[in-house]
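A.B. asks: File structure28.cif follows (mmCIF, C-alpha atoms and all ligand atoms):
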data_upload
#
loop_
_atom_site.label_atom_id
_atom_site.label_comp_id
_atom_site.auth_asym_id
_atom_site.auth_seq_id
_atom_site.Cartn_x
_atom_site.Cartn_y
_atom_site.Cartn_z
CA MET H 8 -8.04 -11.11 18.86
CA GLU H 9 -9.11 -7.57 19.77
CA LEU H 10 -7.05 -5.11 17.72
CA ASN H 11 -8.02 -1.98 19.66
CA LEU H 12 -8.65 0.10 16.53
CA GLU H 13 -11.92 1.52 17.84
CA ASN H 14 -12.27 5.18 16.71
CA LYS H 15 -8.66 5.41 15.58
CA VAL H 16 -8.10 7.32 12.35
CA PHE H 17 -6.05 5.87 9.47
CA LEU H 18 -5.12 7.45 6.14
CA ILE H 19 -4.98 5.05 3.20
CA SER H 20 -3.64 6.41 -0.07
CA GLY H 21 -5.21 4.62 -3.03
CA GLY H 22 -7.74 3.20 -0.59
CA ALA H 23 -10.69 2.84 -2.98
CA LYS H 24 -9.55 -0.08 -5.15
CA GLY H 25 -7.53 -3.29 -5.00
CA ILE H 26 -5.23 -3.75 -2.01
CA GLY H 27 -6.11 -0.30 -0.61
CA ALA H 28 -9.84 -1.06 -0.65
CA ALA H 29 -9.28 -4.30 1.29
CA ILE H 30 -7.26 -2.33 3.85
CA SER H 31 -9.97 0.36 4.14
CA ARG H 32 -12.70 -2.25 4.61
CA THR H 33 -10.75 -4.18 7.20
CA ILE H 34 -9.96 -1.06 9.22
CA VAL H 35 -13.64 -0.14 9.51
CA GLN H 36 -14.68 -3.73 10.18
CA GLU H 37 -12.34 -3.57 13.17
CA GLY H 38 -13.98 -0.36 14.42
CA GLY H 39 -11.41 2.11 13.06
CA ILE H 40 -12.05 5.14 10.84
CA ALA H 41 -10.75 4.82 7.27
CA VAL H 42 -9.80 8.00 5.46
CA ILE H 43 -9.62 6.96 1.82
CA ILE H 44 -7.46 9.23 -0.32
CA ASP H 45 -8.19 8.17 -3.88
CA PRO H 46 -9.14 10.02 -7.06
CA SER H 47 -11.44 7.23 -8.28
CA LYS H 48 -14.80 8.96 -7.85
CA GLU H 49 -16.91 5.92 -8.69
CA ALA H 50 -14.95 3.28 -6.75
CA GLY H 51 -14.47 5.69 -3.86
CA ALA H 52 -18.14 6.67 -3.76
CA ASN H 53 -19.28 3.01 -3.99
CA LEU H 54 -17.00 1.87 -1.21
CA PHE H 55 -18.01 4.90 0.87
CA GLN H 56 -21.73 4.14 0.36
CA ASP H 57 -21.24 0.43 1.14
CA LEU H 58 -19.46 1.15 4.38
CA VAL H 59 -21.72 4.00 5.46
CA SER H 60 -24.78 1.81 4.90
CA GLU H 61 -23.19 -0.68 7.30
CA ASN H 62 -22.82 2.17 9.82
CA LYS H 63 -19.06 2.13 9.41
CA LYS H 64 -16.93 5.23 9.84
CA VAL H 65 -15.32 6.26 6.61
CA TYR H 66 -14.28 9.45 4.81
CA HIS H 67 -13.40 9.75 1.13
CA ILE H 68 -11.00 12.46 -0.03
CA PRO H 69 -11.13 12.39 -3.84
CA LEU H 70 -7.55 13.49 -4.48
CA ARG H 71 -4.70 12.12 -6.60
CA LEU H 72 -1.55 12.74 -4.57
CA LEU H 73 0.84 14.35 -7.02
CA GLU H 74 2.13 17.58 -5.50
CA ALA H 75 3.10 17.98 -1.84
CA GLU H 76 0.15 20.30 -1.24
CA HIS H 77 -2.25 17.46 -2.08
CA SER H 78 -0.90 15.46 0.87
CA LYS H 79 -1.10 18.54 3.08
CA GLU H 80 -4.70 19.07 2.03
CA ALA H 81 -5.56 15.43 2.83
CA VAL H 82 -3.99 15.71 6.28
CA ASP H 83 -5.67 19.08 6.98
CA LEU H 84 -9.10 17.78 5.94
CA THR H 85 -8.66 14.69 8.12
CA VAL H 86 -7.57 16.62 11.18
CA SER H 87 -10.31 19.23 10.84
CA ARG H 88 -12.87 16.42 10.66
CA PHE H 89 -11.53 13.92 13.21
CA GLY H 90 -8.89 15.82 15.20
CA ARG H 91 -6.36 13.00 15.15
CA ILE H 92 -4.35 10.59 13.00
CA ASP H 93 -3.32 7.17 14.32
CA GLY H 94 -1.72 5.67 11.25
CA VAL H 95 -0.75 6.13 7.62
CA VAL H 96 -0.85 3.43 4.96
CA ASN H 97 1.18 4.53 1.96
CA ASN H 98 -0.30 2.34 -0.76
CA ALA H 99 -1.06 4.31 -3.94
CA GLY H 100 1.14 3.46 -6.89
CA ALA H 101 1.25 1.99 -10.37
CA ASN H 102 3.71 -0.12 -12.30
CA ASP H 103 4.03 2.17 -15.29
CA GLY H 104 6.64 0.35 -17.37
CA ILE H 105 9.25 3.11 -17.77
CA GLY H 106 12.29 1.04 -18.78
CA LEU H 107 15.97 1.77 -19.32
CA GLU H 108 16.42 1.09 -23.03
CA HIS H 109 12.96 2.19 -24.11
CA GLY H 110 12.29 4.80 -21.43
CA SER H 111 13.63 8.34 -21.18
CA PRO H 112 15.28 10.39 -18.43
CA VAL H 113 12.21 12.62 -18.22
CA ALA H 114 9.77 9.70 -17.97
CA PHE H 115 12.01 7.98 -15.39
CA ARG H 116 12.03 11.01 -13.10
CA LYS H 117 8.29 11.42 -13.48
CA SER H 118 7.67 7.77 -12.58
CA VAL H 119 9.89 7.93 -9.47
CA GLU H 120 8.19 11.14 -8.36
CA LYS H 121 4.71 9.70 -8.99
CA ASN H 122 5.37 6.50 -7.06
CA LEU H 123 7.56 7.84 -4.27
CA GLY H 124 6.96 11.55 -3.61
CA HIS H 125 3.61 11.19 -1.84
CA TYR H 126 4.94 8.41 0.45
CA TYR H 127 7.23 11.05 1.97
CA ASP H 128 4.74 13.93 1.77
CA LEU H 129 1.86 12.18 3.54
CA VAL H 130 4.00 11.06 6.47
CA HIS H 131 5.75 14.44 6.65
CA PHE H 132 2.46 16.33 7.06
CA ALA H 133 0.86 13.68 9.31
CA LEU H 134 3.88 13.49 11.63
CA PRO H 135 2.80 16.00 14.31
CA PHE H 136 -0.42 14.00 14.77
CA LEU H 137 1.35 10.62 14.66
CA LYS H 138 3.64 11.92 17.42
CA SER H 139 0.60 12.67 19.60
CA SER H 140 -0.97 9.25 18.99
CA LYS H 141 2.27 7.19 18.85
CA GLY H 142 0.98 6.10 15.49
CA SER H 143 2.01 3.42 13.05
CA ILE H 144 3.15 3.74 9.42
CA VAL H 145 2.92 0.98 6.81
CA ASN H 146 4.54 1.33 3.40
CA ILE H 147 3.27 -0.96 0.65
CA SER H 148 6.24 -1.80 -1.58
CA SER H 149 6.61 -4.57 -4.18
CA LYS H 150 8.63 -7.71 -4.75
CA THR H 151 10.02 -5.98 -7.85
CA ALA H 152 12.15 -3.89 -5.45
CA ILE H 153 14.05 -7.11 -4.64
CA THR H 154 13.76 -9.22 -7.79
CA GLY H 155 13.56 -6.59 -10.53
CA GLN H 156 11.08 -7.12 -13.33
CA GLY H 157 12.63 -5.63 -16.45
CA ASN H 158 11.46 -2.55 -18.30
CA THR H 159 10.20 -0.71 -15.23
CA SER H 160 13.11 1.33 -13.83
CA GLY H 161 11.04 4.17 -12.36
CA TYR H 162 8.61 1.95 -10.47
CA THR H 163 11.28 -0.39 -9.06
CA ALA H 164 13.47 2.56 -8.02
CA ALA H 165 10.51 3.99 -6.09
CA LYS H 166 9.62 0.61 -4.56
CA GLY H 167 13.23 0.06 -3.44
CA ALA H 168 13.36 3.55 -1.94
CA GLN H 169 10.16 2.79 0.01
CA LEU H 170 11.99 -0.10 1.71
CA SER H 171 14.95 2.16 2.55
CA LEU H 172 12.63 4.82 3.92
CA THR H 173 10.92 2.21 6.08
CA ARG H 174 14.23 1.54 7.87
CA GLU H 175 15.21 5.21 7.86
CA TRP H 176 11.95 6.42 9.37
CA ALA H 177 11.85 3.54 11.86
CA VAL H 178 15.18 4.84 13.22
CA GLU H 179 14.27 8.54 13.11
CA LEU H 180 10.91 8.02 14.78
CA LEU H 181 12.09 5.73 17.61
CA PRO H 182 12.07 8.62 20.15
CA TYR H 183 8.35 9.16 19.47
CA GLY H 184 7.35 5.50 19.73
CA ILE H 185 6.11 5.59 16.12
CA ARG H 186 6.56 2.24 14.38
CA VAL H 187 7.30 1.95 10.65
CA ASN H 188 7.04 -1.26 8.64
CA ALA H 189 6.73 -2.32 5.01
CA VAL H 190 4.54 -4.97 3.44
CA ILE H 191 5.78 -6.51 0.21
CA PRO H 192 3.18 -8.09 -2.07
CA ALA H 193 4.12 -10.07 -5.18
CA GLU H 194 1.08 -11.23 -7.16
CA VAL H 195 -2.31 -9.93 -6.04
CA MET H 196 -5.40 -9.79 -8.27
CA THR H 197 -6.51 -6.15 -8.37
CA PRO H 198 -7.75 -3.75 -11.09
CA LEU H 199 -4.12 -2.70 -11.68
CA TYR H 200 -2.96 -6.33 -11.99
CA GLN H 201 -5.83 -7.20 -14.35
CA LYS H 202 -4.90 -4.24 -16.54
CA TRP H 203 -1.35 -5.59 -16.77
CA LEU H 204 -2.55 -9.14 -17.51
CA ASP H 205 -4.73 -7.80 -20.30
CA THR H 206 -1.63 -6.60 -22.14
CA PHE H 207 -0.81 -10.26 -22.93
CA ASP H 208 -2.31 -12.00 -25.97
CA HIS H 209 -3.56 -14.80 -23.71
CA PRO H 210 -4.12 -13.37 -20.21
CA GLU H 211 -5.53 -16.62 -18.80
CA GLU H 212 -2.45 -18.60 -19.88
CA GLN H 213 -0.18 -15.95 -18.40
CA LEU H 214 -2.11 -16.08 -15.14
CA ASN H 215 -1.79 -19.90 -14.98
CA LEU H 216 1.93 -19.61 -15.61
CA ILE H 217 2.34 -17.16 -12.74
CA GLU H 218 0.11 -19.08 -10.33
CA ASN H 219 2.10 -22.25 -10.95
CA ARG H 220 5.25 -20.44 -9.83
CA ILE H 221 3.82 -19.38 -6.47
CA PRO H 222 5.14 -21.89 -3.92
CA LEU H 223 2.31 -21.85 -1.37
CA GLU H 224 -0.86 -23.33 -2.83
CA LYS H 225 -0.05 -22.24 -6.40
CA ARG H 226 -2.35 -19.24 -6.21
CA MET H 227 -2.36 -15.46 -6.08
CA THR H 228 -2.28 -13.67 -2.74
CA THR H 229 -5.68 -12.10 -2.03
CA PRO H 230 -6.02 -8.38 -1.24
CA GLN H 231 -7.52 -9.48 2.09
CA GLU H 232 -4.35 -11.39 2.98
CA ILE H 233 -2.31 -8.21 2.43
CA ALA H 234 -4.87 -6.21 4.45
CA ASN H 235 -4.68 -8.66 7.36
CA MET H 236 -0.94 -8.08 7.73
CA VAL H 237 -1.33 -4.31 7.38
CA ILE H 238 -4.04 -4.17 10.04
CA PHE H 239 -1.86 -6.18 12.43
CA LEU H 240 1.00 -3.72 11.85
CA LEU H 241 -1.31 -0.74 12.43
CA SER H 242 -2.61 -2.22 15.66
CA ASP H 243 -0.94 -2.28 19.05
CA ARG H 244 -0.80 -6.10 18.73
CA SER H 245 2.44 -5.48 16.82
CA SER H 246 3.69 -3.09 19.50
CA HIS H 247 7.35 -4.23 19.37
CA THR H 248 7.64 -4.59 15.59
CA THR H 249 9.37 -1.79 13.70
CA GLY H 250 11.65 -1.40 10.70
CA GLN H 251 10.50 -4.74 9.31
CA LEU H 252 10.04 -5.70 5.66
CA LEU H 253 7.28 -8.31 5.55
CA TYR H 254 6.73 -10.45 2.46
CA VAL H 255 3.10 -11.52 2.09
CA ASP H 256 3.55 -13.48 -1.12
CA GLY H 257 3.07 -17.23 -0.62
CA GLY H 258 6.86 -17.60 -0.61
CA TYR H 259 7.15 -16.25 -4.16
CA THR H 260 10.12 -13.94 -3.61
CA HIS H 261 12.36 -16.28 -1.63
CA LEU H 262 11.24 -19.90 -1.62
CA ASP H 263 11.37 -20.43 -5.37
CA ARG H 264 15.16 -20.94 -5.36
CA ALA H 265 15.02 -23.53 -2.58
CA ILE H 266 12.30 -25.41 -4.43
CA GLY H 267 14.31 -25.29 -7.67
CA ARG H 268 17.15 -27.24 -5.99
CA LYS H 269 14.98 -30.21 -5.00
P1 LIG Z 301 -4.93 -0.54 -8.01
O1 LIG Z 301 -5.80 -1.72 -8.25
O2 LIG Z 301 -4.63 0.34 -9.18
O3 LIG Z 301 -5.53 0.37 -6.85
C1 LIG Z 301 -4.78 1.52 -6.49
C2 LIG Z 301 -5.69 2.70 -6.25
O4 LIG Z 301 -4.83 3.81 -5.97
C3 LIG Z 301 -6.55 3.11 -7.46
O5 LIG Z 301 -7.84 3.47 -7.04
C4 LIG Z 301 -5.79 4.33 -8.00
O6 LIG Z 301 -6.64 5.24 -8.71
C5 LIG Z 301 -5.27 4.94 -6.74
N1 LIG Z 301 -4.10 5.82 -6.95
C6 LIG Z 301 -3.10 5.68 -7.85
N2 LIG Z 301 -2.23 6.69 -7.74
C7 LIG Z 301 -2.70 7.50 -6.74
C8 LIG Z 301 -2.24 8.69 -6.15
N3 LIG Z 301 -1.12 9.29 -6.58
N4 LIG Z 301 -2.95 9.24 -5.14
C9 LIG Z 301 -4.07 8.65 -4.68
N5 LIG Z 301 -4.56 7.50 -5.21
C10 LIG Z 301 -3.89 6.94 -6.23
O7 LIG Z 301 -3.50 -1.02 -7.42
P2 LIG Z 301 -3.10 -2.28 -6.47
O8 LIG Z 301 -2.73 -3.41 -7.33
O9 LIG Z 301 -4.11 -2.45 -5.42
O10 LIG Z 301 -1.75 -1.73 -5.87
C11 LIG Z 301 -1.67 -1.08 -4.61
C12 LIG Z 301 -0.20 -1.02 -4.18
O11 LIG Z 301 0.32 -2.34 -4.09
C13 LIG Z 301 0.71 -0.25 -5.14
O12 LIG Z 301 1.67 0.49 -4.40
C14 LIG Z 301 1.41 -1.35 -5.90
O13 LIG Z 301 2.68 -0.96 -6.35
C15 LIG Z 301 1.53 -2.42 -4.82
N6 LIG Z 301 1.71 -3.78 -5.36
C16 LIG Z 301 0.67 -4.43 -5.99
C17 LIG Z 301 0.88 -5.71 -6.47
C18 LIG Z 301 -0.21 -6.52 -7.14
O14 LIG Z 301 0.04 -7.68 -7.48
N7 LIG Z 301 -1.41 -5.99 -7.32
C19 LIG Z 301 2.15 -6.32 -6.35
C20 LIG Z 301 3.17 -5.60 -5.73
C21 LIG Z 301 2.94 -4.34 -5.24
P3 LIG Z 301 -6.63 5.20 -10.33
O15 LIG Z 301 -7.02 3.80 -10.73
O16 LIG Z 301 -7.63 6.25 -10.70
O17 LIG Z 301 -5.22 5.54 -10.73
#
Give the structure from this file in structure tokens form.
C.D. replies:
Amino acid sequence: MELNLENKVFLISGGAKGIGAAISRTIVQEGGIAVIIDPSKEAGANLFQDLVSENKKVYHIPLRLLEAEHSKEAVDLTVSRFGRIDGVVNNAGANDGIGLEHGSPVAFRKSVEKNLGHYYDLVHFALPFLKSSKGSIVNISSKTAITGQGNTSGYTAAKGAQLSLTREWAVELLPYGIRVNAVIPAEVMTPLYQKWLDTFDHPEEQLNLIENRIPLEKRMTTPQEIANMVIFLLSDRSSHTTGQLLYVDGGYTHLDRAIGRK
């Protein structure tokens, strides 16, 4: 299927590692231009070199999006280089374990800000260009927004808000023909996930336990499987899809209860 991404410009926050890297790669494989906003100098530079050596169009902005001006800078740099923006993938985030009982009000606010603020900022500053291109926005949330996880209030609050903003922006941006959707991963092997697994005494056992709970094929979702859905949502092949919350999780979030009753 031709996705018509040729020479279209997409911003991917956290696009140098894990899920974001798979999204960046897939965009350029489909002929699009990936603007990777990610502070990871080594991962960003490696991915950049890989893709450039394959004659792919890619641009690395080595920024961690913390303050609003970082998002503005990323948008300004992109527009001065390419003159357009066709889509935004809000992906950067980290499950930072700021809980209720063992967290603190200050740490909670910081976690929400860190995981949510730049989702708003990037789209806010990119909006004039998305209006011109009738662009597409994809927010990467998490199954924890729906299921909870325990001991991670800040992260889940941000992930839940990302789902609300998906609906909210889908409504607000209807007049401009800009579509807004969310992709909800559950268990995907990435550097962030591996770091979390390594906090267990027996990471391999923990991984087996999790995989056995995943209804479809008893395995983790791959970053590429998340990227495939994101690319579809960015492309005009999903031209009448907006405001949708799409679970790419092997049935983990919803099917487990049905299976339990059998
Ligand atoms: P990852 O392996 O840590 O990759 C994320 C990348 O984003 C890293 O390069 C990271 O750099 C960068 N980053 C973090 N904060 C940033 C910021 N403020 N501005 C720019 N770049 C930033 O993470 P992942 O597992 O691929 O997760 C990607 C998204 O999927 C996150 O929103 C996460 O919540 C969501 N998700 C993942 C899973 C999963 O199973 N992996 C499940 C549900 C949801 P540093 O490493 O230098 O911080």
A.B. asks: For ligand LIG 301 (chain Z), collect every residue having any atom at a distance of at most 6 Å from a ligand atom (counting all atoms listed in the file); output as a ChimeraX atom specification.
C.D. replies: /H:20-21,23-27,44-47,70-73,98-101,147-150,192-200
A.B. asks: Using only C-alpha atoms, which of the listed residues (H:Ala189, H:Ala164, H:Ile34, H:Val130) sits closest to Lys117 of chain H?
C.D. replies: H:Ala164
A.B. asks: For Glu13 of chain H, list every protein, DNA or RNA residue within 12 Å, evaluated using all atoms listed in the file, and leave out those in the same chain fewer than 4 positions away; present the list as a list in words.
C.D. replies: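 Contacts, with the query itself left out: Glu9, Phe17, Ile34, Val35, Gln36, Glu37, Gly38, Gly39, Ile40, Ala41, Lys63, Lys64, Asp93, Ser242 and Asp243 of chain H.
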A.B. asks: Quick one: of H:Lys48, H:Gly184, H:Thr33, H:Val96, who's nearest to Val65 of chain H, counting only C-alpha atoms?
C.D. replies: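 Closest to Val65 of chain H of all the choices is H:Thr33.
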A.B. asks: Give me, as a ChimeraX atom specification, all polymer residues having an atom no more than 8 Å from Lys166 of chain H, counting all atoms listed in the file and skipping those fewer than 2 positions away in the same chain.
C.D. replies: /H:122-123,148-149,151-152,162-164,168-170
A.B. asks: Provide the atom CA of Gly157 of chain H to atom CA of Phe115 of chain H distance in Å, to one decimal place.
C.D. replies: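 These atoms are spaced 13.7 Å apart.
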A.B. asks: Neighbours of Ala133 of chain H within 8 Å (only C-alpha atoms; same-chain residues fewer than 2 positions away dropped), as a ChimeraX atom specification?
C.D. replies: /H:82,92,95,129-131,135-137
A.B. asks: Which residues come within 6 Å of Gly161 of chain H, counting only C-alpha atoms, excluding same-chain residues fewer than 5 positions away, as a PyMOL selection string?
C.D. replies: chain H and resi 105+115+118-119
A.B. asks: In Å to one decimal, how far is atom CA of Arg88 of chain H from atom CA of Val190 of chain H?
C.D. replies: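 According to the coordinates, atom CA of Val190 of chain H and atom CA of Arg88 of chain H are separated by 28.5 Å.
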A.B. asks: Please supply segment 25-36 of chain H, rebuilt with all heavy atoms, as a CSV table (one decimal), keeping the file's coordinate frame.
C.D. replies:
chain,number,residue,atom,x,y,z
H,25,GLY,N,-8.6,-2.3,-5.2
H,25,GLY,CA,-7.5,-3.3,-5.0
H,25,GLY,C,-7.1,-3.5,-3.6
H,25,GLY,O,-7.9,-3.6,-2.6
H,26,ILE,N,-5.8,-3.5,-3.3
H,26,ILE,CA,-5.2,-3.8,-2.0
H,26,ILE,C,-5.7,-2.7,-1.0
H,26,ILE,O,-6.1,-3.0,0.1
H,26,ILE,CB,-3.7,-3.8,-2.1
H,26,ILE,CG1,-3.2,-5.0,-2.9
H,26,ILE,CG2,-3.0,-3.7,-0.7
H,26,ILE,CD1,-1.8,-5.1,-3.2
H,27,GLY,N,-5.7,-1.4,-1.5
H,27,GLY,CA,-6.1,-0.3,-0.6
H,27,GLY,C,-7.5,-0.4,-0.1
H,27,GLY,O,-7.9,-0.2,1.0
H,28,ALA,N,-8.4,-0.9,-1.0
H,28,ALA,CA,-9.8,-1.1,-0.6
H,28,ALA,C,-10.0,-2.1,0.4
H,28,ALA,O,-10.8,-2.0,1.4
H,28,ALA,CB,-10.7,-1.4,-1.9
H,29,ALA,N,-9.2,-3.2,0.3
H,29,ALA,CA,-9.3,-4.3,1.3
H,29,ALA,C,-8.8,-3.8,2.6
H,29,ALA,O,-9.4,-4.1,3.7
H,29,ALA,CB,-8.4,-5.5,0.8
H,30,ILE,N,-7.8,-2.9,2.6
H,30,ILE,CA,-7.3,-2.3,3.8
H,30,ILE,C,-8.3,-1.4,4.5
H,30,ILE,O,-8.6,-1.5,5.7
H,30,ILE,CB,-5.9,-1.6,3.6
H,30,ILE,CG1,-4.8,-2.5,3.1
H,30,ILE,CG2,-5.5,-0.8,4.8
H,30,ILE,CD1,-3.6,-1.9,2.6
H,31,SER,N,-8.9,-0.6,3.6
H,31,SER,CA,-10.0,0.4,4.1
H,31,SER,C,-11.1,-0.4,4.8
H,31,SER,O,-11.6,-0.1,5.9
H,31,SER,CB,-10.5,1.2,3.0
H,31,SER,OG,-9.5,1.9,2.3
H,32,ARG,N,-11.6,-1.4,4.1
H,32,ARG,CA,-12.7,-2.2,4.6
H,32,ARG,C,-12.3,-2.9,5.9
H,32,ARG,O,-13.1,-2.9,6.9
H,32,ARG,CB,-13.1,-3.4,3.6
H,32,ARG,CG,-13.9,-3.0,2.5
H,32,ARG,CD,-14.3,-4.2,1.7
H,32,ARG,NE,-15.1,-3.8,0.5
H,32,ARG,CZ,-16.3,-3.4,0.5
H,32,ARG,NH1,-17.0,-3.4,1.6
H,32,ARG,NH2,-16.9,-3.0,-0.6
H,33,THR,N,-11.1,-3.4,6.0
H,33,THR,CA,-10.8,-4.2,7.2
H,33,THR,C,-10.6,-3.2,8.4
H,33,THR,O,-11.0,-3.6,9.5
H,33,THR,CB,-9.5,-5.0,7.0
H,33,THR,OG1,-9.6,-5.7,5.7
H,33,THR,CG2,-9.2,-6.0,8.1
H,34,ILE,N,-10.1,-2.0,8.1
H,34,ILE,CA,-10.0,-1.1,9.2
H,34,ILE,C,-11.3,-0.8,9.8
H,34,ILE,O,-11.5,-0.8,11.0
H,34,ILE,CB,-9.3,0.2,8.7
H,34,ILE,CG1,-7.8,0.0,8.5
H,34,ILE,CG2,-9.5,1.4,9.7
H,34,ILE,CD1,-7.1,1.2,7.8
H,35,VAL,N,-12.3,-0.5,9.0
H,35,VAL,CA,-13.6,-0.1,9.5
H,35,VAL,C,-14.3,-1.4,10.1
H,35,VAL,O,-15.0,-1.2,11.1
H,35,VAL,CB,-14.6,0.6,8.5
H,35,VAL,CG1,-14.0,1.9,8.0
H,35,VAL,CG2,-14.9,-0.3,7.3
H,36,GLN,N,-14.1,-2.5,9.6
H,36,GLN,CA,-14.7,-3.7,10.2
H,36,GLN,C,-14.2,-3.9,11.6
H,36,GLN,O,-14.8,-4.5,12.5
H,36,GLN,CB,-14.4,-5.0,9.3
H,36,GLN,CG,-15.3,-5.2,8.2
H,36,GLN,CD,-14.8,-6.0,7.1
H,36,GLN,OE1,-13.7,-6.6,7.2
H,36,GLN,NE2,-15.5,-6.1,5.9
